[in-house]
Structure formats: C-alpha cells, structure tokens
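Q: Encoded as structure tokens, here's the structure I'll be asking about.
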Protein chains: 2
Amino acid sequence: MANGSRLVDLVQTRIEEFLADRGSILLDIGTDLGAPLEFSRRFLSGGKRFRARFCHAGWRAVIGPADLDPAPVVAAAAALELFHAAALVHDDLIDNSDTRRGAPSAHRLFERLHGDSGWSGDAAEYGRASAILLGDLILGWSDELLDEGLARLDDAAAARAARAEFMRMRTEVAAGQYLDILEERAWSTRGEHAQRELAERVVVYKSAKYSIVAPLRIGAAIAGATPAQQDALGEFGLPLGIAFQLRDDLLGVYGDPDVTGKPAGDDLREGKRTLLVAIARERLDPGRRRILDELLGDPALTAEQVAVLQQTIAECGAVDEVESIISTQLERAYTALDAARIDDAAEAELRALGASVTRRTS
Amino acid sequence: MANGSRLVDLVQTRIEEFLADRGSILLDIGTDLGAPLEFSRRFLSGGKRFRARFCHAGWRAVIGPADLDPAPVVAAAAALELFHAAALVHDDLIDNSDTRRGAPSAHRLFERLHGDSGWSGDAAEYGRASAILLGDLILGWSDELLDEGLARLDDAAAARAARAEFMRMRTEVAAGQYLDILEERAWSTRGEHAQRELAERVVVYKSAKYSIVAPLRIGAAIAGATPAQQDALGEFGLPLGIAFQLRDDLLGVYGDPDVTGKPAGDDLREGKRTLLVAIARERLDPGRRRILDELLGDPALTAEQVAVLQQTIAECGAVDEVESIISTQLERAYTALDAARIDDAAEAELRALGASVTRRTS
C-alpha cells in the first residue's frame, strides 16, 4: 500500500462505493435526483488527490513498516476528497468561476441542465441554488464517510483524535475562506504595512493547514500518533503548505490555461489579494501600484491587460521574492523532516509528495 | 425536564456554550471573524425550536417516566437547531429572501456590513459569498455538537443509531430542497396530473420527515428505541409533519406579515409550487389557471396582485381542501398516537406539540 497510485485507486473505489450507497437513497426518492448525483460523481473523479495522499502519508509516517488494515485511513482520505469537492462547488460559486479542471463548474452544469430541459425561470439562478444544495449534500457526506472509516478502528482514542482534527480543520478552513473573500474587499481600508501579514494569514488557514497539515494530522491520528509525532508532522507540513499555496498564487497569475484548466490570469480577474500581490504592492512605485489596484478584480480584463499585470508583477521582483520564499519554506520543511524520527519509506513518500505539490504546473 | 420551556432554555444554554467554544477558535485566528460569529449567534437565538422539542419528545416517549441524564438529548436537540439555522441561511440565499423572522437574512447582514465598512467591490456579492460560508460553518458545527452529545451516551448502539438517523435526515432534506427548487421551474413541463404528487413529495422530504419524523427518531434512538417504537413514532410524525407543512403553505400565502415576519404573500412572489397551488390549479378553469401561472413567481407582484391571487386560490376551494387534509392528517396522527404504547406524560407532550405546529399563526 506504500505506492501512491495504488492509494489513489483505493480512494477512488471507496468514493464510488460510498456514492453508490448514498445515491440509492436519492434515487429511491426520485429519478430527478439523478442529475445532482451524476454531478457529484463527476466532481469526485480525477483531481490530484493531494489531501488523500497526505492523509495516507501521515498514517504511514506513524505506523512505519507495520502491515495494518488500511481501510480506516482510505475512508478518511476519501472523506477529505469529498470535503474538498464540496468546498470547490461552493468556492466556484463564490468566485463566479465558470470552469473547474477545464470542465464547467457545478453551477454552470445545473444552469445548462435548466436550459436543456425547457424549464421556466432564470437558468443562472437555478444553477446557483442547486450548487449551494449540492455542496451542502457532499459536505454532509464527507463527514459520514469519515465516520464509516473510524468505526472500523479498534482504537477508540485514535478515532476520537482523528475526528477532532477533522472538526478543527472544518472550522479553520471556513475562517480562512471568509478572510480570503474579506481581504479581496477590505484591503483598501487596511494599512499598507498590514497587507502582507493579512495575506499570510489567509495562506496559513485557507491553504497550508487545510491542504497539508490537517490531512497529515488526520492520517497520523488514525495511526495513534503521539503529540510529539503530530508536532513533527506539523513542522514539516506547515512550511510545505505555505510553499504549496505560493506555487498556487504563481499559477493563478502565470499558469498555462491548457494545463491548469482555468483561464489565464484567473486570479487577476477575481481580484484575489494573494501574498504575491501584497509583495508586488510593497515593491511598486505609487503610480504602478495604483494601476495594479485599479485593474485587479476587474472581471472584464482583456488579454492585453492581463499581460500588463503579469509583466508589472514580475518586473518589480515580486515573482522572484515569492520563488525565494517557496525555496526557504521547502528547505524548512525538509529540515524538519530530517529531524523527525520517521522510517525511511515514509520519509521518501513525504519528500516526493512535497516535491510534487511545489513543482507542479497545474 | 418534562416542561417545554425548560427544554428550550437548556437547548439555548447548550447552543451558547458551544458557540463560545467554537467562537474562541475563530477569534484566535482574527478579530475579523467576530462578524460571522455574531451573526451565527443571532440566527441561533429565538425561533420556535420545534425540531428540538420533537427530539426531546421522541426521547421522552421511549424512556417513559425514567429519570435519565438529559445531556445527550439536549445536545442532539441543539444540534438540530444548528442544522436548521445553517439550512435557513442557505435557504434565504436560494430564495433571495431579505428577511428572516422580521430581521435581515444572513446575506443581507453581510451586505450591510460591507456597506458600513467602506470596502470595495459589490456589497451584494460579498453578502452572498459570506452567507454561503456561514452556512457551511454552522452545518459542520451541527454535526460536532451532535457528536459531543452522543459521546456522553453509555449505549454505543444507541449512539450509532442516532447518528444514522441524523445522516439520513441530512441526505433526505437536501433531496427535498432540491426537488422544491426544481419543481418551481420544471412544473410547466410536468403533466397536469403529476403536479399534486410532485408537490406531496416535496412536503414529505423537505418538511414532514425533516422537521418532525427525523427529530422524533433521533431523540428516540438516543433513548435506545426498538424498531417497533420507531415505527410508532413515525406513524404519528409523518401525518403530523404533512399537516405542519400544509399549515406553512397557507401561512406563506395568507399569513399576517406582522406575525410571520415575512412579507405578505411571500410564497406567491417566490413562485413556490406548493400542494396548495397544485390543488388550486386542479380546481381552476383554464383561464384563471393561466392567470395564476402567469403571476406566480413574479418577484414584483403588487399588493393588489397578491390580493387577487389570495382570492383566486381561496374561492376555488383549494384553501378548504387543504384545511380538510390538515384535519385528516392530524386525526391520523392522533389515532397512531392512541395506538402507541407511550406513557401518559410523553403522549400529552406529543399531543401538545402537534397542536402547536398545526394551529400556529407564524
């Protein structure tokens, strides 16, 4: 089970099994529920499965070479993927994103269903309403799948600890998401010097803890980790998670649309106040900073304006600074990993995962 | 603990205790999270607490006169109120409702916060985005509060059964809500004879099971109910729940705005395809039916148009028919209650609750 692609298969199978079970409740109520079920399946196939893989790696780091039943950790890993799918359905709605992984986002799928079915009323409104409900449904399911996994665990204290980690993650990521949409609007009322710190707070809660630290800790908790083991994983996970998000910030501005599945400069049109933007603002002269502020968040930015922004942010040295922070954080993560007492195979798995989340192009 | 208002106090205290605990996680992250925390408190004070009361009544019906620790059922009852608050936050967004219990709905509160704070961007968009996240946060919390209650239960099988009831409720109500918004748009493509049945399906899943049967069953499960006891409660709860929703349908069209806290004829402007509407459509001649179809769902209906619709629906006999169904369903519920082997005090509590949910004016 050490093999990454084998884990991804196990997680996919567990998700399909779970959706078949819950889907039968839906279809018993009415065939009209086939559409949301089908869309939930679509959002739960594919994806990079980073959270599932970190969850498994956290478990592996604690159990070492022991040969334990992977069913509880596979279910927890699958539950994290459900949670993430639900968050993305709502996120795309919040950000007004038309696409997800190169395909239509959930609210656009429902909108299209409305158009194709000849129903009355506003298709976009129906799309948004349905996507809110789909996200709620999958959110509830994520928790149920976690429970199914933890019920198979003999160690009741480990199950309680894993659930507590999952709960804290849920609250913290909601807080991080709220701060993210808040800073998109509130930045102009913040002091110039506060913006970097506020952007860092979003990075930590919306991304680093949520995408890496929490999955690691949930997996470790299932394995019965000691507080010292949890701390060691956190010291690796937090800087890695920061590096992960900074790579995401760069991809949101400079990513290749064919690879990311998102339009070029997507974050610029959305007006995300990322750390990259905060650093650029510190580096730009007042004139250019004003141009950045004026263009950022305009959903109608032309390709030329996107190119101007890309160039402005790069030329002031912000991209280099972010790349340098990524390197520093990665180094910090690997140093922590070296210091941790983890068996060699698990350490190699964590190291490989670290590389894949920070060197990716999508 | 038999006293209804005492239960409501215990539930309120439990909710406040829980919010104080989770609120401290939020405030540790940043004081900017004070606003969503304050709004969640606001939506969790007051309300009729029907779901909490049915949960407690279901528990009481099974334990009889025994004097057991009420903490687990109080937590479960409080969890149902959290779940309901989250559902209402999202529901108001879905329905574009400006008010809830005579006060601004969550997205309007956030919208106002934006306006008062001098932030940039669109206030309404920020309001909607924040309300999605607030609902998600409270949704997760409801599940955590249930868990805290069940953790105090010695009977592990009872805890598992209660959780299974809660999970099924979550899936079924999401299905019912989806069918509700679907029928609002799809009705015109349905056969004339199917509309009553489709409206009934929404009544059962969105309301009867969710608001009454599930709370009863969760409370009963905590008390270690046998399948026969659960069936008996279901035979009482389902017809009562149908009657409850039909009262709601009538209030949505004829309710006094000063009492309901919602604008007059709110359901008419929203275009809800209730059973009341389905029955009216069956009874109206084609000309009047066309007028009903044209006006229903127009958010800009004038007070005069609302009055015309109210009169049209009443004059065709639909209101009388709905009142008669309410009576029949209530009778069925009470007959089931008489047949159930429940101690006298619990039976009296259920009977009083039944009366209060079907005779209410708000």
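By order of appearance in the structure tokens: chains A, B, ..., then residues from 1 within every chain, and ligands from 1 in the order shown.
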Find the residues in chain A near chain B: any atom within 6 Å counts, using only C-alpha atoms. Write them as a short mmCIF file (atom, residue, chain, number, x, y, z; two decimals) with all heavy atoms, in the first residue's frame.
A:
data_model
loop_
_atom_site.label_atom_id
_atom_site.label_comp_id
_atom_site.auth_asym_id
_atom_site.auth_seq_id
_atom_site.Cartn_x
_atom_site.Cartn_y
_atom_site.Cartn_z
N ILE A 94 -18.78 31.19 -5.19
CA ILE A 94 -18.32 32.41 -4.53
C ILE A 94 -17.47 33.24 -5.50
O ILE A 94 -17.59 34.46 -5.56
CB ILE A 94 -17.51 32.03 -3.27
CG1 ILE A 94 -18.47 31.52 -2.18
CG2 ILE A 94 -16.65 33.19 -2.77
CD1 ILE A 94 -17.78 30.91 -0.98
N TRP A 119 -37.16 24.37 -18.81
CA TRP A 119 -37.87 24.77 -17.59
C TRP A 119 -38.09 26.28 -17.61
O TRP A 119 -37.48 27.00 -18.41
CB TRP A 119 -37.06 24.36 -16.35
CG TRP A 119 -36.94 22.87 -16.22
CD1 TRP A 119 -37.81 21.93 -16.72
CD2 TRP A 119 -35.88 22.14 -15.58
NE1 TRP A 119 -37.35 20.66 -16.41
CE2 TRP A 119 -36.19 20.75 -15.71
CE3 TRP A 119 -34.72 22.50 -14.89
CZ2 TRP A 119 -35.37 19.75 -15.18
CZ3 TRP A 119 -33.91 21.51 -14.37
CH2 TRP A 119 -34.23 20.15 -14.52
N SER A 120 -38.94 26.75 -16.73
CA SER A 120 -39.21 28.18 -16.67
C SER A 120 -38.28 28.86 -15.66
O SER A 120 -37.56 28.21 -14.92
CB SER A 120 -40.68 28.42 -16.29
OG SER A 120 -40.98 27.74 -15.09
N GLY A 121 -38.29 30.19 -15.65
CA GLY A 121 -37.47 30.94 -14.70
C GLY A 121 -36.06 31.12 -15.21
O GLY A 121 -35.72 30.76 -16.34
N ALA A 129 -28.63 28.09 -7.06
CA ALA A 129 -29.36 27.46 -5.96
C ALA A 129 -29.00 25.97 -5.86
O ALA A 129 -28.75 25.45 -4.77
CB ALA A 129 -30.87 27.63 -6.19
N ARG A 185 -12.06 42.54 -0.56
CA ARG A 185 -12.84 43.79 -0.50
C ARG A 185 -12.28 44.81 0.48
O ARG A 185 -12.47 46.01 0.31
CB ARG A 185 -14.28 43.49 -0.06
CG ARG A 185 -15.17 42.97 -1.14
CD ARG A 185 -15.25 41.46 -1.13
NE ARG A 185 -16.11 40.95 -2.19
CZ ARG A 185 -16.14 39.66 -2.53
NH1 ARG A 185 -15.36 38.79 -1.93
NH2 ARG A 185 -16.93 39.27 -3.50
N ALA A 186 -11.66 44.30 1.57
CA ALA A 186 -11.31 45.20 2.67
C ALA A 186 -9.89 45.76 2.55
O ALA A 186 -9.51 46.65 3.30
CB ALA A 186 -11.46 44.47 4.01
#
Q: Could you pull the residues within 9 Å of Arg108 (chain B), counting only C-alpha atoms, minus those fewer than 4 positions along the same chain, as an MDAnalysis selection string?
A: chainID B and resid 97:99 104 112:113 124 127:128 131
Q: Output C-alpha atoms of each residue in that selection to a file, as a compact mmCIF listing (two decimals), in the first residue's frame.
A:
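Output below, filename selection_16.txt:
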# COMPACT_ATOMS: atom_id res chain seq x y z
CA SER B 97 -35.26 36.40 0.88
CA ASP B 98 -34.40 39.69 2.51
CA THR B 99 -35.81 38.85 5.91
CA PRO B 104 -32.44 40.86 7.82
CA ARG B 112 -24.87 45.79 5.17
CA LEU B 113 -21.54 45.16 6.93
CA ALA B 124 -24.44 42.11 -2.54
CA GLY B 127 -23.14 39.22 1.19
CA ARG B 128 -23.93 36.10 -0.83
CA ALA B 131 -23.61 33.62 3.69
Q: Write out as a VMD selection string the residues lying within 12 Å of Asp9 (chain B), counting only C-alpha atoms and excluding same-chain residues fewer than 4 positions away.
A: chain B and resid 1 3 to 5 13 to 16 45 to 46 48 to 49 52 to 53 74 77 to 78
Q: Those residues with N, CA and C atoms, as a JSON list (two decimals), in the first residue's frame please?
A:
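Result written to again_17.json:
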[["chain", "number", "residue", "atom", "x", "y", "z"],
["B", 1, "MET", "N", -37.65, 17.80, 33.73],
["B", 1, "MET", "CA", -37.28, 18.15, 32.36],
["B", 1, "MET", "C", -38.46, 17.98, 31.39],
["B", 3, "ASN", "N", -41.02, 19.78, 31.12],
["B", 3, "ASN", "CA", -41.56, 21.08, 30.74],
["B", 3, "ASN", "C", -40.92, 21.64, 29.46],
["B", 4, "GLY", "N", -41.76, 22.04, 28.50],
["B", 4, "GLY", "CA", -41.28, 22.50, 27.21],
["B", 4, "GLY", "C", -40.38, 23.72, 27.28],
["B", 5, "SER", "N", -40.77, 24.72, 28.09],
["B", 5, "SER", "CA", -39.97, 25.96, 28.11],
["B", 5, "SER", "C", -38.64, 25.71, 28.82],
["B", 13, "THR", "N", -28.97, 27.32, 26.25],
["B", 13, "THR", "CA", -27.72, 27.35, 27.02],
["B", 13, "THR", "C", -26.65, 26.48, 26.35],
["B", 14, "ARG", "N", -27.07, 25.31, 25.89],
["B", 14, "ARG", "CA", -26.13, 24.39, 25.24],
["B", 14, "ARG", "C", -25.58, 25.02, 23.96],
["B", 15, "ILE", "N", -26.44, 25.69, 23.20],
["B", 15, "ILE", "CA", -26.01, 26.34, 21.96],
["B", 15, "ILE", "C", -25.01, 27.45, 22.28],
["B", 16, "GLU", "N", -25.31, 28.23, 23.30],
["B", 16, "GLU", "CA", -24.42, 29.35, 23.64],
["B", 16, "GLU", "C", -23.05, 28.86, 24.10],
["B", 45, "SER", "N", -30.51, 32.37, 18.17],
["B", 45, "SER", "CA", -31.32, 32.70, 19.35],
["B", 45, "SER", "C", -32.75, 32.88, 18.85],
["B", 46, "GLY", "N", -33.68, 32.44, 19.66],
["B", 46, "GLY", "CA", -35.08, 32.55, 19.26],
["B", 46, "GLY", "C", -35.47, 31.47, 18.27],
["B", 48, "LYS", "N", -38.77, 28.91, 16.91],
["B", 48, "LYS", "CA", -39.78, 28.16, 17.66],
["B", 48, "LYS", "C", -39.24, 26.89, 18.30],
["B", 49, "ARG", "N", -38.06, 26.47, 17.85],
["B", 49, "ARG", "CA", -37.43, 25.28, 18.44],
["B", 49, "ARG", "C", -38.28, 24.01, 18.30],
["B", 52, "ALA", "N", -36.08, 20.83, 18.10],
["B", 52, "ALA", "CA", -35.53, 20.47, 19.42],
["B", 52, "ALA", "C", -36.61, 19.83, 20.28],
["B", 53, "ARG", "N", -37.80, 20.39, 20.22],
["B", 53, "ARG", "CA", -38.87, 19.89, 21.08],
["B", 53, "ARG", "C", -39.34, 18.50, 20.63],
["B", 74, "VAL", "N", -30.29, 16.77, 24.92],
["B", 74, "VAL", "CA", -30.26, 18.23, 24.82],
["B", 74, "VAL", "C", -29.24, 18.65, 23.76],
["B", 77, "ALA", "N", -30.73, 17.86, 20.38],
["B", 77, "ALA", "CA", -31.77, 18.84, 20.07],
["B", 77, "ALA", "C", -31.13, 20.16, 19.63],
["B", 78, "ALA", "N", -30.07, 20.56, 20.33],
["B", 78, "ALA", "CA", -29.36, 21.79, 19.98],
["B", 78, "ALA", "C", -28.70, 21.64, 18.60]]
Q: What separation in Å, quoted to one decimal, exists between CA of Val73 (chain B) and CA of Ala79 (chain A)?
A: 27.1 Å
Q: In region 173-276 of chain A, what's helix (DSSP H, G or I) per DSSP? Answer as a PyMOL selection string?
A: chain A and resi 173-189+194-222+227-254+257-260+266-270+275-276
